[in-house]
Structures are given as structure tokens and as C-alpha cells.
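> Before I ask anything, here is the structure I am working with.
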Amino acid sequence: VTGDNLMEYTDSLLEDSELGARIDFDFQTRKLNYVVYEGIDNTAKMPMSKEFENIYSFTYTNDRSNFKNFAYVAGEDSGKNRIIVTVDKRIGDEEKLEIYVDARDIQSTYTDEAGKQQTMTETEYKEALYQRGIEKLAEYQIQETIDIDPKDRFQLGEKRTFRDGSLISTQRITERVMAYEDNT
């Protein structure tokens, strides 16, 4: 990845596998360690809900404004010779919401670690383009957000069930904002 935030990029890749990542500081070696982890599944616990008096407030948003589910990925060459693959992530009869991905930077010929010129097979090249399409579509997902003010403690990565009236949603806790106030 060049020019992008590496943590945001790896988070988008890990999301499909329901994994998370964090940077831990090792005080003894004075090094930063990139750690991939799977959060605890606490969906069997009582749902987080105002009804059960374990949260103060609950706000749910579902933003589909940036959602895409179909990609045209165009690789090397030009005109009618340009290699194009499609990535279709539609579910059922879902409306096709398209993006175009310019992947000319992926070339079928490359230089390996030994400095030797290599050429991908057509299948390998199309797989590389397909993977780029998957990665790009991951940037255009539905943004589903539940903001809560909990009474109970919880951990990042923990999977919990949230309930507000008839809305029931099982989500992974991906962000925690803590506010400290000076009471002087």
C-alpha cells in the first residue's frame, strides 16, 4: 500500500474475517508490535439495551450512501485489448451499484526477488485483478453504526447484541471513545 493509512487498510482486510488489529508497545524491548486478534463473542450475554438498564442511550444509523457491490477492474493494455474482470458481490436481486477500478499498476510481467523477469499466467493475472476489486469494494461498504453510552464495561473487539425496541443487531465493538472531565 502506497500513500494510504496502513492501519485503515489492514483493518479493512481483517474486517471480513471478523479480526482486529492494534499496535502494542513492548516496554522491555521499546518496540511497537502489530497484533492481530479476535474479539470475545459475548452474544450469549444479556443484550445491551435501555430496557435492561445496562446502557444510558442508544443511537443506530445505517448509511448506504457510499455502498458499492459491483466492480469493473481494468488491468494492463488499452482499448479492446485491455483486460477487464468483474467482481460481483450482490446478494440475491440486490441493485447493482458499480465502481470502476483502474488497475494498470498490476502488470502480468514483473521482476522477482532474484531480479529475474517473470510472467503470470492469464488466470493468475485475472486473479490479481479480481483481488484488487475485492479490496476496493471493501472501501465502499454500508456504514452501520450503533452509538451507546454503556453502564457496563466492555472490550474492543467484543461481539455483543444490541437491542432498541424491535431493532436487534449483533455487532463487534470497533471503537471506544472515553471522555474525562475535570470536576474542579
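Chain labels follow the order of the C-alpha cells: the first chain is A, the next B, and so on; residue numbering restarts at 1 in every chain, and ligands are counted from 1 in their shown order.
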Asp152 of chain A: which residues within 9 Å, counting only C-alpha atoms, same-chain residues fewer than 5 positions away excluded, as a list in words?
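Final neighbour list, sorted by chain and number: Met48, Asn54 and Ile55 of chain A.
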> Grab the residues selected above and save them as a CSV table (one decimal), in the first residue's frame with all heavy atoms.

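Now in out_23.csv:
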```csv
chain,number,residue,atom,x,y,z
A,48,MET,N,-27.4,-5.5,25.2
A,48,MET,CA,-27.2,-4.1,25.7
A,48,MET,C,-28.4,-3.3,25.2
A,48,MET,O,-28.7,-3.2,24.0
A,48,MET,CB,-25.9,-3.5,25.1
A,48,MET,CG,-24.7,-4.3,25.7
A,48,MET,SD,-23.1,-3.6,25.2
A,48,MET,CE,-22.9,-2.4,26.5
A,54,ASN,N,-28.9,-1.5,31.1
A,54,ASN,CA,-27.4,-1.6,31.1
A,54,ASN,C,-26.7,-0.6,30.2
A,54,ASN,O,-25.5,-0.6,30.0
A,54,ASN,CB,-27.0,-3.0,30.8
A,54,ASN,CG,-27.5,-3.6,29.5
A,54,ASN,OD1,-28.1,-2.9,28.7
A,54,ASN,ND2,-27.3,-4.9,29.3
A,55,ILE,N,-27.5,0.3,29.6
A,55,ILE,CA,-27.0,1.4,28.8
A,55,ILE,C,-27.8,2.7,29.1
A,55,ILE,O,-29.0,2.5,29.5
A,55,ILE,CB,-27.0,1.2,27.3
A,55,ILE,CG1,-28.4,0.9,26.7
A,55,ILE,CG2,-26.0,0.0,26.9
A,55,ILE,CD1,-28.4,0.8,25.2
```
> Report the residues of chain A whose backbone DSSP state falls under strand (DSSP E), written as a count of residues only.
64
> For atom CA of Asn33 of chain A and atom CA of Thr10 of chain A, quote the distance in Å rounded to one decimal.
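Taking atom CA of Asn33 of chain A as the start and atom CA of Thr10 of chain A as the end point, the length is 14.3 Å.
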> For the atom pair atom CA of Leu156 of chain A and atom CA of Glu144 of chain A, what is the interatomic distance in Å to one decimal place?
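Pair atom CA of Leu156 of chain A / atom CA of Glu144 of chain A returns 16.6 Å.
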> Taking only C-alpha atoms into account, which of A:Glu175, A:Glu94, A:Asp182, A:Asp63 comes nearest Arg22 of chain A?
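Of the candidates, the smallest distance to Arg22 of chain A is held by A:Glu175.
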> Within 10 Å of Ile83 of chain A, counting only C-alpha atoms, which residues show up once you throw out same-chain ones fewer than 2 positions away? Write them as a PyMOL selection string, please.
chain A and resi 73-81+85+103-104+122+125-126+129
> Would you write out those residues with all heavy atoms, as a short mmCIF file (atom, residue, chain, number, x, y, z; two decimals), in the first residue's frame?

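Output contents, as saved in result.cif:
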```
data_model
loop_
_atom_site.label_atom_id
_atom_site.label_comp_id
_atom_site.auth_asym_id
_atom_site.auth_seq_id
_atom_site.Cartn_x
_atom_site.Cartn_y
_atom_site.Cartn_z
N VAL A 73 -12.84 -4.08 -13.02
CA VAL A 73 -11.42 -3.88 -12.74
C VAL A 73 -10.66 -3.99 -14.05
O VAL A 73 -10.62 -5.05 -14.67
CB VAL A 73 -10.89 -4.91 -11.72
CG1 VAL A 73 -9.46 -4.59 -11.34
CG2 VAL A 73 -11.79 -4.96 -10.49
N ALA A 74 -10.06 -2.87 -14.48
CA ALA A 74 -9.37 -2.82 -15.77
C ALA A 74 -7.86 -2.84 -15.54
O ALA A 74 -7.31 -1.98 -14.86
CB ALA A 74 -9.77 -1.56 -16.53
N GLY A 75 -7.21 -3.84 -16.12
CA GLY A 75 -5.78 -4.03 -15.95
C GLY A 75 -4.98 -3.44 -17.09
O GLY A 75 -5.32 -2.40 -17.65
N GLU A 76 -3.92 -4.15 -17.46
CA GLU A 76 -2.98 -3.64 -18.46
C GLU A 76 -3.58 -3.65 -19.86
O GLU A 76 -4.62 -4.25 -20.10
CB GLU A 76 -1.69 -4.47 -18.42
CG GLU A 76 -1.87 -5.92 -18.79
CD GLU A 76 -0.62 -6.74 -18.56
OE1 GLU A 76 0.37 -6.23 -18.02
OE2 GLU A 76 -0.64 -7.93 -18.91
N ASP A 77 -2.88 -2.97 -20.75
CA ASP A 77 -3.22 -2.82 -22.17
C ASP A 77 -4.24 -1.69 -22.34
O ASP A 77 -4.52 -0.96 -21.40
CB ASP A 77 -3.70 -4.13 -22.80
CG ASP A 77 -3.10 -4.33 -24.20
OD1 ASP A 77 -2.85 -3.31 -24.89
OD2 ASP A 77 -2.87 -5.48 -24.58
N SER A 78 -4.78 -1.55 -23.54
CA SER A 78 -5.72 -0.46 -23.81
C SER A 78 -6.73 -0.88 -24.86
O SER A 78 -6.57 -1.89 -25.54
CB SER A 78 -4.97 0.79 -24.27
OG SER A 78 -4.28 0.51 -25.48
N GLY A 79 -7.79 -0.08 -24.97
CA GLY A 79 -8.83 -0.33 -25.96
C GLY A 79 -9.44 -1.71 -25.79
O GLY A 79 -9.66 -2.19 -24.68
N LYS A 80 -9.73 -2.36 -26.94
CA LYS A 80 -10.37 -3.67 -26.88
C LYS A 80 -9.45 -4.76 -26.33
O LYS A 80 -9.90 -5.84 -25.95
CB LYS A 80 -10.90 -4.07 -28.25
CG LYS A 80 -9.84 -4.30 -29.29
CD LYS A 80 -10.45 -4.69 -30.62
CE LYS A 80 -9.31 -4.96 -31.61
NZ LYS A 80 -9.80 -5.38 -32.90
N ASN A 81 -8.12 -4.48 -26.24
CA ASN A 81 -7.16 -5.45 -25.70
C ASN A 81 -7.01 -5.35 -24.18
O ASN A 81 -6.31 -6.16 -23.58
CB ASN A 81 -5.80 -5.26 -26.37
CG ASN A 81 -5.84 -5.61 -27.84
OD1 ASN A 81 -6.60 -6.47 -28.26
ND2 ASN A 81 -5.03 -4.92 -28.62
N VAL A 85 -11.86 -7.55 -15.60
CA VAL A 85 -12.59 -8.57 -14.85
C VAL A 85 -13.67 -7.87 -14.03
O VAL A 85 -13.57 -6.68 -13.74
CB VAL A 85 -11.68 -9.42 -13.92
CG1 VAL A 85 -10.62 -10.16 -14.71
CG2 VAL A 85 -11.05 -8.57 -12.85
N ALA A 103 -6.62 -0.52 -12.66
CA ALA A 103 -5.57 -1.34 -12.05
C ALA A 103 -4.40 -1.56 -13.01
O ALA A 103 -3.80 -2.62 -13.05
CB ALA A 103 -6.15 -2.66 -11.58
N ARG A 104 -4.08 -0.51 -13.78
CA ARG A 104 -2.95 -0.63 -14.71
C ARG A 104 -1.63 -0.87 -14.00
O ARG A 104 -0.68 -1.35 -14.60
CB ARG A 104 -2.79 0.67 -15.52
CG ARG A 104 -3.74 0.82 -16.63
CD ARG A 104 -3.42 2.12 -17.34
NE ARG A 104 -4.58 2.97 -17.29
CZ ARG A 104 -5.18 3.43 -18.36
NH1 ARG A 104 -4.72 3.16 -19.54
NH2 ARG A 104 -6.24 4.18 -18.25
N GLU A 122 -2.52 -16.15 -17.58
CA GLU A 122 -3.74 -15.34 -17.72
C GLU A 122 -4.63 -15.50 -16.49
O GLU A 122 -5.18 -14.53 -15.97
CB GLU A 122 -4.50 -15.73 -18.98
CG GLU A 122 -5.74 -14.89 -19.20
CD GLU A 122 -6.50 -15.26 -20.47
OE1 GLU A 122 -5.97 -16.00 -21.31
OE2 GLU A 122 -7.64 -14.79 -20.60
N TYR A 125 -3.14 -13.61 -13.55
CA TYR A 125 -3.30 -12.17 -13.73
C TYR A 125 -4.74 -11.74 -13.42
O TYR A 125 -4.98 -10.76 -12.72
CB TYR A 125 -2.91 -11.74 -15.15
CG TYR A 125 -2.96 -10.24 -15.33
CD1 TYR A 125 -2.05 -9.44 -14.66
CD2 TYR A 125 -3.93 -9.65 -16.12
CE1 TYR A 125 -2.10 -8.06 -14.79
CE2 TYR A 125 -3.97 -8.27 -16.25
CZ TYR A 125 -3.06 -7.48 -15.59
OH TYR A 125 -3.12 -6.12 -15.70
N LYS A 126 -5.69 -12.50 -13.92
CA LYS A 126 -7.09 -12.18 -13.65
C LYS A 126 -7.41 -12.31 -12.16
O LYS A 126 -8.19 -11.54 -11.62
CB LYS A 126 -8.01 -13.04 -14.50
CG LYS A 126 -8.03 -12.61 -15.96
CD LYS A 126 -8.98 -13.43 -16.79
CE LYS A 126 -9.01 -12.89 -18.22
NZ LYS A 126 -9.93 -13.67 -19.07
N LEU A 129 -6.24 -9.15 -10.50
CA LEU A 129 -7.20 -8.07 -10.75
C LEU A 129 -8.46 -8.26 -9.90
O LEU A 129 -8.98 -7.30 -9.32
CB LEU A 129 -7.58 -8.01 -12.23
CG LEU A 129 -6.47 -7.61 -13.20
CD1 LEU A 129 -6.99 -7.66 -14.64
CD2 LEU A 129 -5.91 -6.24 -12.88
#
```
